[in-house]
>>> print(open('coords.txt').read())   # compact mmCIF, C-alpha atoms and all ligand atoms
# COMPACT_ATOMS: atom_id res chain seq x y z
CA MET A 802 8.25 4.28 4.98
CA VAL A 803 11.99 3.88 5.60
CA PHE A 804 11.26 3.72 9.30
CA ALA A 805 8.57 1.12 8.67
CA ILE A 806 10.90 -1.06 6.63
CA PHE A 807 13.69 -0.63 9.14
CA SER A 808 11.56 -1.54 12.14
CA GLY A 809 10.12 -4.40 10.09
CA ILE A 810 13.60 -5.78 9.55
CA ILE A 811 14.39 -5.45 13.27
CA ILE A 812 11.17 -7.21 14.29
CA GLY A 813 11.77 -9.80 11.58
CA SER A 814 15.32 -10.50 12.71
CA SER A 815 14.41 -10.83 16.37
CA PHE A 816 11.65 -13.30 15.65
CA GLY A 817 13.59 -15.12 12.95
CA LEU A 818 11.20 -16.17 10.23
CA SER A 819 8.50 -17.19 12.68
CA ILE A 820 6.23 -14.18 12.17
CA PRO A 821 6.04 -14.42 8.39
CA LEU A 822 5.48 -18.14 8.65
CA ILE A 823 2.61 -17.60 11.08
CA VAL A 824 1.08 -15.10 8.71
CA MET A 825 1.44 -17.46 5.82
CA SER A 826 -0.12 -20.43 7.52
CA HIS A 827 -3.80 -19.77 7.44
CA SER A 828 -4.58 -22.00 10.35
CA GLU A 829 -3.52 -19.23 12.76
CA ARG A 830 -6.15 -16.74 13.80
CA VAL A 831 -4.99 -13.17 13.57
CA ALA A 832 -6.03 -11.30 16.66
CA SER A 833 -6.06 -7.67 15.66
CA TYR A 834 -5.56 -5.37 12.74
CA GLU A 835 -2.40 -4.00 14.36
CA GLU A 836 -0.97 -7.48 14.67
CA VAL A 837 -1.71 -8.23 11.03
CA ALA A 838 -0.25 -4.92 9.97
CA ALA A 839 2.93 -5.51 12.01
CA ALA A 840 3.33 -9.03 10.68
CA SER A 841 2.76 -8.00 7.10
CA MET A 842 5.31 -5.24 7.52
CA VAL A 843 7.87 -7.86 8.49
CA VAL A 844 7.09 -9.93 5.42
CA GLU A 845 7.36 -6.84 3.27
CA ALA A 846 10.60 -5.76 4.92
CA LEU A 847 12.14 -9.20 4.51
CA ARG A 848 11.01 -9.32 0.92
CA LEU A 849 12.59 -5.94 0.24
CA ALA A 850 15.73 -7.06 1.99
CA GLY A 851 15.78 -10.06 -0.36
CA ARG A 852 15.57 -12.62 2.42
CA LEU A 853 12.22 -14.10 1.53
CA SER A 854 13.25 -15.66 -1.71
CA SER A 855 10.72 -17.47 -3.84
CA GLU A 856 13.03 -20.46 -3.97
CA GLU A 857 12.39 -21.07 -0.29
CA GLU A 858 8.72 -20.23 -0.28
CA GLY A 859 5.91 -21.71 -2.32
CA PHE A 860 3.99 -18.50 -1.74
CA SER A 861 5.18 -15.09 -2.74
CA TYR A 862 2.29 -12.97 -1.68
CA ILE A 863 -0.55 -13.62 0.62
CA THR A 864 -3.53 -11.35 1.00
CA LEU A 865 -4.12 -10.36 4.59
CA PRO A 866 -7.47 -9.13 5.87
CA GLY A 867 -7.68 -5.41 6.42
CA ILE A 868 -4.50 -4.56 4.55
CA GLN A 869 -4.83 -1.71 2.10
CA LYS A 870 -4.11 -2.94 -1.40
CA TYR A 871 -2.94 -0.97 -4.37
CA ASP A 872 -5.97 0.12 -6.35
CA GLY A 873 -5.22 -0.84 -9.96
CA PRO A 874 -8.87 -0.50 -11.10
CA ARG A 875 -8.99 3.08 -9.82
CA LEU A 876 -5.82 3.98 -11.65
CA ALA A 877 -7.26 2.40 -14.82
CA GLN A 878 -10.48 4.40 -14.46
CA SER A 879 -8.56 7.65 -14.30
CA MET A 880 -6.83 7.00 -17.64
CA PRO A 881 -8.39 8.67 -20.72
CA ILE A 882 -8.84 6.34 -23.71
CA GLU A 883 -11.00 8.47 -26.01
CA THR A 884 -8.13 9.58 -28.23
CA LYS A 885 -4.62 8.34 -28.81
CA GLU A 886 -3.19 11.79 -28.00
CA ALA A 887 -4.96 12.03 -24.65
CA TRP A 888 -3.91 8.49 -23.77
CA LEU A 889 -0.27 9.00 -24.81
CA SER A 890 -0.02 12.20 -22.85
CA TRP A 891 -1.48 10.52 -19.72
CA MET A 892 0.86 7.55 -20.12
CA ASN A 893 3.90 9.76 -20.56
CA LYS A 894 2.97 11.70 -17.45
CA ASN A 895 2.01 8.76 -15.23
CA ARG A 896 3.97 5.73 -16.42
CA SER A 897 7.47 5.03 -17.61
CA ASP A 898 6.83 2.78 -20.62
CA ASP A 899 9.00 2.80 -23.72
CA PRO A 900 7.29 5.20 -26.23
CA VAL A 901 7.90 2.77 -29.12
CA PHE A 902 5.81 0.11 -27.38
CA LEU A 903 3.14 2.63 -26.44
CA GLU A 904 2.45 3.32 -30.11
CA GLN A 905 2.32 -0.41 -30.89
CA ARG A 906 0.08 -1.12 -27.89
CA TRP A 907 -2.43 1.53 -28.87
CA GLU A 908 -2.75 0.32 -32.49
CA TRP A 909 -3.00 -3.29 -31.37
CA ALA A 910 -5.72 -2.51 -28.81
CA GLN A 911 -7.72 -0.69 -31.50
CA GLU A 912 -7.69 -3.89 -33.57
CA LEU A 913 -8.92 -5.91 -30.62
CA ILE A 914 -11.75 -3.40 -30.12
CA LEU A 915 -12.67 -3.47 -33.83
CA SER A 916 -12.83 -7.26 -33.86
CA SER A 917 -15.02 -7.12 -30.70
CA GLU A 918 -12.55 -9.29 -28.86
CA LEU A 919 -12.25 -6.49 -26.33
CA LYS A 920 -15.71 -5.25 -25.46
CA ARG A 921 -15.78 -3.43 -22.15
CA PRO A 922 -13.91 -0.13 -21.64
CA GLU A 923 -12.52 -1.56 -18.38
CA ASP A 924 -10.82 -4.34 -20.33
CA VAL A 925 -9.50 -1.93 -22.94
CA ARG A 926 -7.96 0.12 -20.13
CA ALA A 927 -6.39 -2.97 -18.54
CA PHE A 928 -4.86 -3.97 -21.89
CA LEU A 929 -3.57 -0.47 -22.53
CA LEU A 930 -1.93 -0.39 -19.11
CA THR A 931 -0.22 -3.78 -19.36
CA PRO A 932 3.24 -3.83 -20.99
CA ARG A 933 3.18 -7.07 -22.97
CA GLU A 934 6.78 -6.31 -23.93
CA HIS A 935 7.89 -7.26 -20.41
CA PHE A 936 6.07 -10.62 -20.44
CA VAL A 937 7.07 -11.85 -23.91
CA ARG A 938 10.47 -13.42 -23.22
CA ALA A 939 13.72 -12.02 -24.61
CA HIS A 940 14.11 -14.63 -27.38
CA ASN A 941 10.95 -13.25 -29.02
CA ARG A 942 11.97 -9.60 -29.27
CA GLY A 943 10.15 -7.84 -32.08
CA LEU A 944 7.01 -9.94 -31.65
CA GLU A 945 5.74 -8.25 -28.48
CA TYR A 946 2.52 -7.06 -30.10
CA ALA A 947 2.23 -9.72 -32.79
CA ASP A 948 -1.11 -11.43 -33.17
CA THR A 949 0.13 -14.84 -32.06
CA TRP A 950 1.00 -17.01 -29.09
CA LEU A 951 4.72 -17.33 -28.35
CA PRO A 952 6.91 -19.86 -26.54
CA ILE A 953 8.17 -18.73 -23.12
CA GLY A 954 10.34 -21.77 -22.37
CA TYR A 955 9.62 -24.88 -20.24
CA GLY A 956 7.10 -26.03 -22.86
CA ALA A 957 4.76 -23.15 -21.94
CA THR A 958 3.43 -20.24 -24.00
CA ILE A 959 2.15 -16.70 -23.62
CA THR A 960 -1.36 -16.91 -25.00
CA ASP A 961 -2.45 -15.30 -28.27
CA PRO A 962 -3.72 -11.73 -27.54
CA ASP A 963 -7.09 -12.42 -29.25
CA VAL A 964 -7.73 -15.30 -26.91
CA VAL A 965 -6.51 -13.39 -23.84
CA SER A 966 -8.89 -10.53 -24.68
CA MET A 967 -11.86 -12.77 -25.28
CA MET A 968 -11.31 -14.75 -22.11
CA THR A 969 -10.82 -11.53 -20.12
CA THR A 970 -13.94 -9.89 -21.56
CA THR A 971 -15.97 -13.03 -20.82
CA LEU A 972 -14.88 -13.02 -17.17
CA ASN A 973 -16.62 -9.62 -16.77
CA VAL A 974 -14.39 -8.79 -13.80
CA GLN A 975 -15.82 -6.27 -11.34
CA PRO A 976 -13.48 -4.23 -9.10
CA GLY A 977 -14.36 -6.19 -5.94
CA ASP A 978 -14.13 -9.65 -7.53
CA LYS A 979 -11.82 -12.36 -6.26
CA VAL A 980 -10.29 -13.94 -9.36
CA LEU A 981 -8.27 -17.15 -9.61
CA GLU A 982 -6.09 -17.95 -12.60
CA ILE A 983 -4.71 -21.43 -13.26
CA GLY A 984 -1.44 -21.35 -15.22
CA THR A 985 0.53 -18.16 -14.42
CA GLY A 986 2.95 -18.83 -17.29
CA SER A 987 4.44 -15.53 -18.49
CA GLY A 988 2.43 -13.56 -15.93
CA TYR A 989 0.69 -11.48 -18.60
CA GLN A 990 -2.92 -12.53 -17.93
CA ALA A 991 -2.65 -11.94 -14.16
CA ALA A 992 -1.01 -8.55 -14.81
CA ILE A 993 -4.08 -7.55 -16.85
CA LEU A 994 -6.38 -8.79 -14.09
CA SER A 995 -4.56 -6.60 -11.55
CA PHE A 996 -6.02 -3.53 -13.30
CA LEU A 997 -9.54 -4.98 -13.06
CA THR A 998 -9.66 -6.01 -9.41
CA LYS A 999 -7.51 -5.86 -6.28
CA ASP A 1000 -7.94 -9.57 -5.53
CA VAL A 1001 -5.98 -11.75 -7.96
CA TYR A 1002 -4.71 -15.28 -7.28
CA THR A 1003 -2.61 -17.30 -9.71
CA ILE A 1004 -1.07 -20.78 -9.59
CA GLU A 1005 1.75 -22.20 -11.71
CA ILE A 1006 2.97 -25.81 -11.61
CA ILE A 1007 6.38 -25.51 -13.32
CA ARG A 1008 8.82 -24.46 -10.64
CA PRO A 1009 11.48 -22.61 -12.69
CA LEU A 1010 8.76 -20.77 -14.63
CA TYR A 1011 7.04 -19.81 -11.38
CA ILE A 1012 10.34 -18.46 -10.01
CA GLU A 1013 11.12 -16.58 -13.21
CA THR A 1014 7.70 -14.89 -13.40
CA ASP A 1015 7.69 -14.16 -9.68
CA ALA A 1016 11.04 -12.39 -10.07
CA LEU A 1017 9.67 -10.49 -13.05
CA TYR A 1018 6.71 -9.19 -11.02
CA ARG A 1019 9.02 -8.15 -8.18
CA ASP A 1020 11.23 -6.33 -10.63
CA LEU A 1021 8.34 -4.56 -12.34
CA GLU A 1022 6.51 -3.72 -9.14
CA ARG A 1023 8.32 -0.43 -8.61
CA ASN A 1024 6.73 0.92 -11.77
CA PHE A 1025 3.62 -1.25 -11.70
CA PRO A 1026 2.50 -1.42 -8.07
CA SER A 1027 -0.76 -3.15 -9.03
CA TYR A 1028 1.27 -6.37 -9.40
CA SER A 1029 1.57 -6.42 -5.61
CA VAL A 1030 -2.07 -7.59 -5.45
CA ILE A 1031 -1.23 -10.73 -7.43
CA ASN A 1032 -1.11 -13.60 -4.93
CA ARG A 1033 1.11 -16.27 -6.40
CA LYS A 1034 1.50 -19.92 -5.62
CA LEU A 1035 3.63 -22.77 -6.90
CA GLY A 1036 1.48 -25.87 -7.07
CA ASP A 1037 -1.11 -27.93 -8.89
CA GLY A 1038 -4.00 -25.66 -9.83
CA TYR A 1039 -6.32 -28.64 -10.38
CA TYR A 1040 -7.16 -28.38 -6.69
CA GLY A 1041 -7.65 -24.60 -6.76
CA TRP A 1042 -6.66 -22.52 -3.75
CA GLU A 1043 -8.90 -23.72 -0.96
CA GLU A 1044 -7.85 -21.14 1.69
CA PHE A 1045 -9.13 -18.27 -0.41
CA ALA A 1046 -12.19 -19.90 -1.97
CA PRO A 1047 -14.80 -19.12 -3.06
CA PHE A 1048 -13.77 -17.15 -6.14
CA ASP A 1049 -16.12 -14.94 -8.13
CA LYS A 1050 -14.24 -15.70 -11.32
CA ILE A 1051 -11.87 -18.49 -12.39
CA ILE A 1052 -9.80 -18.44 -15.57
CA VAL A 1053 -8.04 -21.63 -16.61
CA THR A 1054 -5.25 -21.09 -19.13
CA CYS A 1055 -4.30 -24.72 -19.74
CA SER A 1056 -6.41 -27.24 -21.63
CA VAL A 1057 -8.58 -29.88 -20.03
CA ASP A 1058 -11.38 -32.15 -21.24
CA HIS A 1059 -13.59 -31.75 -18.15
CA ILE A 1060 -14.32 -29.09 -15.58
CA PRO A 1061 -12.05 -29.87 -12.62
CA PRO A 1062 -14.48 -30.59 -9.76
CA PRO A 1063 -12.41 -28.74 -7.11
CA LEU A 1064 -12.47 -25.60 -9.25
CA LEU A 1065 -16.22 -25.86 -9.73
CA ARG A 1066 -16.65 -26.23 -5.99
CA GLN A 1067 -14.49 -23.15 -5.37
CA LEU A 1068 -16.52 -21.02 -7.79
CA SER A 1069 -19.10 -18.77 -6.06
CA PRO A 1070 -22.77 -19.21 -6.95
CA GLY A 1071 -23.33 -16.82 -9.87
CA GLY A 1072 -19.60 -17.03 -10.59
CA ILE A 1073 -18.05 -17.39 -14.04
CA MET A 1074 -15.35 -19.83 -15.10
CA VAL A 1075 -13.63 -19.52 -18.48
CA LEU A 1076 -11.56 -22.44 -19.73
CA PRO A 1077 -10.29 -24.13 -22.90
CA LEU A 1078 -12.37 -27.29 -22.78
CA GLY A 1079 -11.62 -30.28 -24.97
CA PRO A 1080 -9.18 -33.10 -25.72
CA PRO A 1081 -5.42 -32.40 -25.95
CA ASN A 1082 -5.38 -31.55 -29.64
CA ARG A 1083 -8.33 -29.11 -29.80
CA GLN A 1084 -10.38 -27.16 -27.32
CA TYR A 1085 -13.16 -24.60 -27.31
CA ILE A 1086 -13.19 -21.57 -25.05
CA MET A 1087 -16.16 -22.11 -22.79
CA GLU A 1088 -17.87 -19.84 -20.34
CA ILE A 1089 -19.38 -21.78 -17.44
CA ILE A 1090 -21.77 -20.02 -15.07
CA LYS A 1091 -22.64 -21.73 -11.82
CA TYR A 1092 -26.12 -21.30 -10.38
CA GLU A 1093 -27.21 -22.50 -6.98
CA ALA A 1094 -30.90 -22.94 -6.19
CA GLU A 1095 -32.31 -22.37 -2.70
CA ASP A 1096 -32.37 -26.11 -2.06
CA GLY A 1097 -28.66 -26.25 -2.89
CA THR A 1098 -29.07 -27.75 -6.38
CA ILE A 1099 -26.22 -26.67 -8.66
CA THR A 1100 -26.83 -26.04 -12.34
CA LEU A 1101 -24.34 -24.89 -14.94
CA SER A 1102 -24.71 -22.94 -18.15
CA ARG A 1103 -22.17 -23.49 -20.92
CA ARG A 1104 -21.40 -21.15 -23.81
CA ASP A 1105 -18.74 -21.29 -26.51
CA VAL A 1106 -17.37 -17.75 -26.48
CA TYR A 1107 -15.18 -18.11 -29.60
CA ASN A 1108 -17.95 -18.93 -32.08
CA GLY A 1109 -16.92 -22.53 -32.49
CA LEU A 1110 -13.28 -21.72 -33.29
CA GLY A 1111 -10.88 -24.31 -31.94
CA VAL A 1112 -7.80 -23.39 -29.91
CA ARG A 1113 -4.83 -25.36 -28.65
CA PHE A 1114 -3.62 -24.63 -25.14
CA ILE A 1115 -0.79 -26.18 -23.13
CA PRO A 1116 -2.22 -29.27 -21.34
CA PHE A 1117 -3.46 -29.06 -17.77
CA ARG A 1118 -1.05 -31.53 -16.11
CA ASP A 1119 -0.29 -32.97 -12.73
CA GLU A 1120 2.97 -32.84 -10.77
CA SER A 1121 4.37 -35.83 -12.74
CA GLY A 1122 3.67 -34.08 -16.05
CA THR A 1123 0.73 -36.32 -16.98
CA SER A 1124 -2.18 -34.55 -18.64
CA TYR A 1125 -5.51 -34.54 -16.80
CA SER A 1126 -7.25 -35.11 -20.15
CA ALA A 1127 -7.92 -38.53 -21.57
CA PRO A 1128 -6.47 -39.06 -25.06
CA LEU A 1129 -9.06 -39.36 -27.80
CA PRO A 1130 -9.97 -42.93 -28.73
CA PRO A 1131 -8.47 -44.02 -32.05
CA PRO A 1132 -10.73 -43.35 -35.07
CA PRO A 1133 -12.95 -46.28 -36.13
CA PRO A 1134 -11.39 -48.49 -38.82
CA GLU A 1135 -12.20 -47.61 -42.42
CA PRO A 1136 -15.13 -49.71 -43.69
CA ALA A 1137 -13.91 -52.55 -45.89
CA PRO A 1138 -14.36 -51.71 -49.59
CA ASP A 1139 -17.37 -53.39 -51.16
CA SER A 1140 -16.34 -56.57 -52.91
CA MET A 1141 -18.11 -56.18 -56.16
N1 LIG B 1 -1.75 -17.47 -18.53
C1 LIG B 1 -0.48 -17.74 -19.14
C2 LIG B 1 -0.58 -18.88 -20.12
C3 LIG B 1 0.52 -19.86 -19.90
S1 LIG B 1 0.38 -21.38 -20.77
C4 LIG B 1 0.08 -16.48 -19.76
O1 LIG B 1 -0.59 -15.43 -19.75
O2 LIG B 1 1.22 -16.49 -20.20
C5 LIG B 1 -0.36 -22.45 -19.58
C6 LIG B 1 0.35 -22.60 -18.26
O3 LIG B 1 -0.39 -23.51 -17.45
C7 LIG B 1 1.75 -23.16 -18.35
O4 LIG B 1 2.65 -22.27 -17.76
C8 LIG B 1 1.67 -24.47 -17.56
O5 LIG B 1 2.84 -24.79 -16.87
C9 LIG B 1 0.53 -24.16 -16.61
N2 LIG B 1 -0.11 -25.35 -16.01
C10 LIG B 1 -0.35 -26.58 -16.57
N3 LIG B 1 -0.90 -27.41 -15.67
C11 LIG B 1 -1.03 -26.71 -14.51
C12 LIG B 1 -1.51 -27.03 -13.21
N4 LIG B 1 -1.95 -28.25 -12.89
N5 LIG B 1 -1.49 -26.06 -12.28
C13 LIG B 1 -1.00 -24.82 -12.54
N6 LIG B 1 -0.51 -24.45 -13.76
C14 LIG B 1 -0.52 -25.39 -14.72
>>> encode(input="coords.txt", output="structure tokens", more="lines below")
Ligand code: SAH
Amino acid sequence: MVFAIFSGIIIGSSFGLSIPLIVMSHSERVASYEEVAAASMVVEALRLAGRLSSEEEGFSYITLPGIQKYDGPRLAQSMPIETKEAWLSWMNKNRSDDPVFLEQRWEWAQELILSSELKRPEDVRAFLLTPREHFVRAHNRGLEYADTWLPIGYGATITDPDVVSMMTTTLNVQPGDKVLEIGTGSGYQAAILSFLTKDVYTIEIIRPLYIETDALYRDLERNFPSYSVINRKLGDGYYGWEEFAPFDKIIVTCSVDHIPPPLLRQLSPGGIMVLPLGPPNRQYIMEIIKYEAEDGTITLSRRDVYNGLGVRFIPFRDESGTSYSAPLPPPPPEPAPDSM
């Protein structure tokens, strides 16, 4: 490993930044597995050496074909969740989480199971493995496992755990799925996804928030190597991530009053999109499934997954900060009182 990093740095220095840049631009064809492996080693070495800073690069991680990725879903499968004791003992042996938070996380997950907001065992495992305490920002200490959304700065929020669990359960992520998230925010949702599949993509539009969360992942990666499968991009998620499309699942974590056409196009036939759909002041969590007939006709199914309960997400906005949703028209004027 040390040798690999060392030779990576040497190769990287002799080629300047040209190799990583070639790897990152997807227009270049990669000739062989060895070439990809060598190039990725350089990126990794430079990253470890702190030279590939996220301030210079819009991309932090790029998935390369043929590269072995950390298997978060397999780790999650090996974790016992039948009893608190068995779980705690596994966590203490295999992870380095703060025991105080482990207790809180277990109790909190049980509530999400009881309320049916977490349905599949896979999702329960992903929640139990994800340290929300690292994603809730420092000014909200003490509220790490509170049943509420919290501000994370820059006008953004970490979503309410109920809503995160319902959206995650609805996505029905399978281990081989390619999943795109719009709105990285705190990084919590993508961290959960990294225990459900090895192919996670997330886009954030607010630059300082992107940099902050990117640094957080890098910092946590030593203890949580599954975060290395989270491909991250600074940019406008309205246009999706064309180079890696199609996606089996898309989760939108900012509010919009229509389904963004580029995202619909980038969703695989049979794929599921979950998004808070509605005008800026109230949305409903919708599951959209895309079907494609043999003649190419696209049909969509729509389902409200939160039983008609309204939610209020941060607006889906463009680079200038303008919301993609149209404001509601003003209410009709009150009828004039009868003159009697
Ligand atoms: N998934 C996040 C939720 C963050 S709140 C979490 O787990 O914490 C919604 C996020 O969507 C905000 O960070 C906001 O900046 C981001 N967002 C809004 N418009 C966006 C766009 N066009 N592209 C990407 N992200 C966007």
>>> atom_distance(input="coords.txt", atom1="atom CA of Ile1073 of chain A", atom2="atom CA of Phe928 of chain A")
20.4 Å
>>> closest_residue(input="coords.txt", among="A:Asp963, A:Glu1095, A:Glu982, A:Glu945", to="Val901 of chain A", atoms="all atoms listed in the file")
A:Glu945
>>> atom_distance(input="coords.txt", atom1="atom CA of Ser987 of chain A", atom2="atom CA of Ser890 of chain A")
28.4 Å
>>> residues_near_ligand(input="coords.txt", ligand="ligand LIG 1 (chain B)", cutoff="9 Å", atoms="only C-alpha atoms and all ligand atoms", output="PyMOL selection string")
chain A and resi 936-937+950-961+965+982-992+1003-1008+1010-1011+1034-1041+1052-1056+1114-1120+1122+1124-1125
>>> atom_distance(input="coords.txt", atom1="atom CA of Ala1016 of chain A", atom2="atom CA of Trp891 of chain A")
27.8 Å
>>> closest_residue(input="coords.txt", among="A:Phe996, A:Tyr1085, A:Trp1042, A:Tyr862", to="His1059 of chain A", atoms="only C-alpha atoms")
A:Tyr1085
>>> closest_residue(input="coords.txt", among="A:Gly943, A:Pro1080, A:Gly873, A:Pro1062", to="Val1112 of chain A", atoms="only C-alpha atoms")
A:Pro1080
>>> residues_around(input="coords.txt", residues="Pro962 of chain A", least_positions_apart="6", cutoff="9 Å", atoms="only C-alpha atoms", output="MDAnalysis selection string")
chainID A and resid 913 946:950
>>> write_last_selection(input="coords.txt", atoms="C-alpha atoms", output="CSV table (one decimal), in the coordinates of the input")
chain,number,residue,atom,x,y,z
A,913,LEU,CA,-8.9,-5.9,-30.6
A,946,TYR,CA,2.5,-7.1,-30.1
A,947,ALA,CA,2.2,-9.7,-32.8
A,948,ASP,CA,-1.1,-11.4,-33.2
A,949,THR,CA,0.1,-14.8,-32.1
A,950,TRP,CA,1.0,-17.0,-29.1
>>> residues_around(input="coords.txt", residues="Asp1049 of chain A", least_positions_apart="3", cutoff="9 Å", atoms="all atoms listed in the file", output="list in words")
Val974, Asp978, Lys979, Val980, Leu981, Ala1046, Gln1067, Leu1068, Ser1069, Pro1070, Gly1071, Gly1072, Ile1073 and Met1074 of chain A
>>> residues_around(input="coords.txt", residues="Met967 of chain A", least_positions_apart="2", cutoff="9 Å", atoms="all atoms listed in the file", output="PyMOL selection string")
chain A and resi 917-920+962-965+969-972+1086+1106-1107
>>> closest_residue(input="coords.txt", among="A:Arg875, A:Arg906, A:Arg896, A:Arg921", to="Phe1025 of chain A", atoms="all atoms listed in the file")
A:Arg896
>>> build_atoms(input="coords.txt", residues="segment 1131-1138 of chain A", atoms="all heavy atoms", output="tab-separated table (two decimals), in the coordinates of the input")
chain	number	residue	atom	x	y	z
A	1131	PRO	N	-8.90	-43.99	-30.64
A	1131	PRO	CA	-8.47	-44.02	-32.05
A	1131	PRO	C	-9.70	-43.99	-32.96
A	1131	PRO	O	-10.78	-44.45	-32.56
A	1131	PRO	CB	-7.73	-45.35	-32.18
A	1131	PRO	CG	-8.15	-46.16	-30.99
A	1131	PRO	CD	-8.57	-45.21	-29.92
A	1132	PRO	N	-9.57	-43.41	-34.17
A	1132	PRO	CA	-10.73	-43.35	-35.07
A	1132	PRO	C	-11.19	-44.76	-35.45
A	1132	PRO	O	-10.37	-45.68	-35.46
A	1132	PRO	CB	-10.20	-42.59	-36.29
A	1132	PRO	CG	-8.72	-42.67	-36.20
A	1132	PRO	CD	-8.37	-42.87	-34.77
A	1133	PRO	N	-12.48	-44.94	-35.75
A	1133	PRO	CA	-12.95	-46.28	-36.13
A	1133	PRO	C	-12.28	-46.71	-37.42
A	1133	PRO	O	-11.92	-45.87	-38.24
A	1133	PRO	CB	-14.47	-46.08	-36.34
A	1133	PRO	CG	-14.65	-44.60	-36.48
A	1133	PRO	CD	-13.52	-43.92	-35.81
A	1134	PRO	N	-12.06	-48.03	-37.60
A	1134	PRO	CA	-11.39	-48.49	-38.82
A	1134	PRO	C	-12.21	-48.14	-40.05
A	1134	PRO	O	-13.44	-48.04	-39.98
A	1134	PRO	CB	-11.30	-50.01	-38.62
A	1134	PRO	CG	-12.30	-50.33	-37.53
A	1134	PRO	CD	-12.49	-49.10	-36.72
A	1135	GLU	N	-11.53	-47.90	-41.14
A	1135	GLU	CA	-12.20	-47.61	-42.42
A	1135	GLU	C	-13.09	-48.81	-42.78
A	1135	GLU	O	-12.68	-49.95	-42.59
A	1135	GLU	CB	-11.15	-47.46	-43.54
A	1135	GLU	CG	-10.26	-46.25	-43.39
A	1135	GLU	CD	-10.94	-44.98	-43.86
A	1135	GLU	OE1	-11.65	-45.05	-44.88
A	1135	GLU	OE2	-10.81	-43.95	-43.16
A	1136	PRO	N	-14.31	-48.56	-43.28
A	1136	PRO	CA	-15.13	-49.71	-43.69
A	1136	PRO	C	-14.45	-50.44	-44.86
A	1136	PRO	O	-13.83	-49.80	-45.71
A	1136	PRO	CB	-16.46	-49.07	-44.12
A	1136	PRO	CG	-16.18	-47.60	-44.28
A	1136	PRO	CD	-14.95	-47.28	-43.48
A	1137	ALA	N	-14.55	-51.75	-44.83
A	1137	ALA	CA	-13.91	-52.55	-45.89
A	1137	ALA	C	-14.57	-52.21	-47.23
A	1137	ALA	O	-15.77	-52.01	-47.28
A	1137	ALA	CB	-14.09	-54.02	-45.58
A	1138	PRO	N	-13.76	-52.03	-48.28
A	1138	PRO	CA	-14.36	-51.71	-49.59
A	1138	PRO	C	-15.32	-52.82	-50.02
A	1138	PRO	O	-15.09	-53.99	-49.74
A	1138	PRO	CB	-13.15	-51.60	-50.53
A	1138	PRO	CG	-12.01	-52.20	-49.78
A	1138	PRO	CD	-12.33	-52.22	-48.34
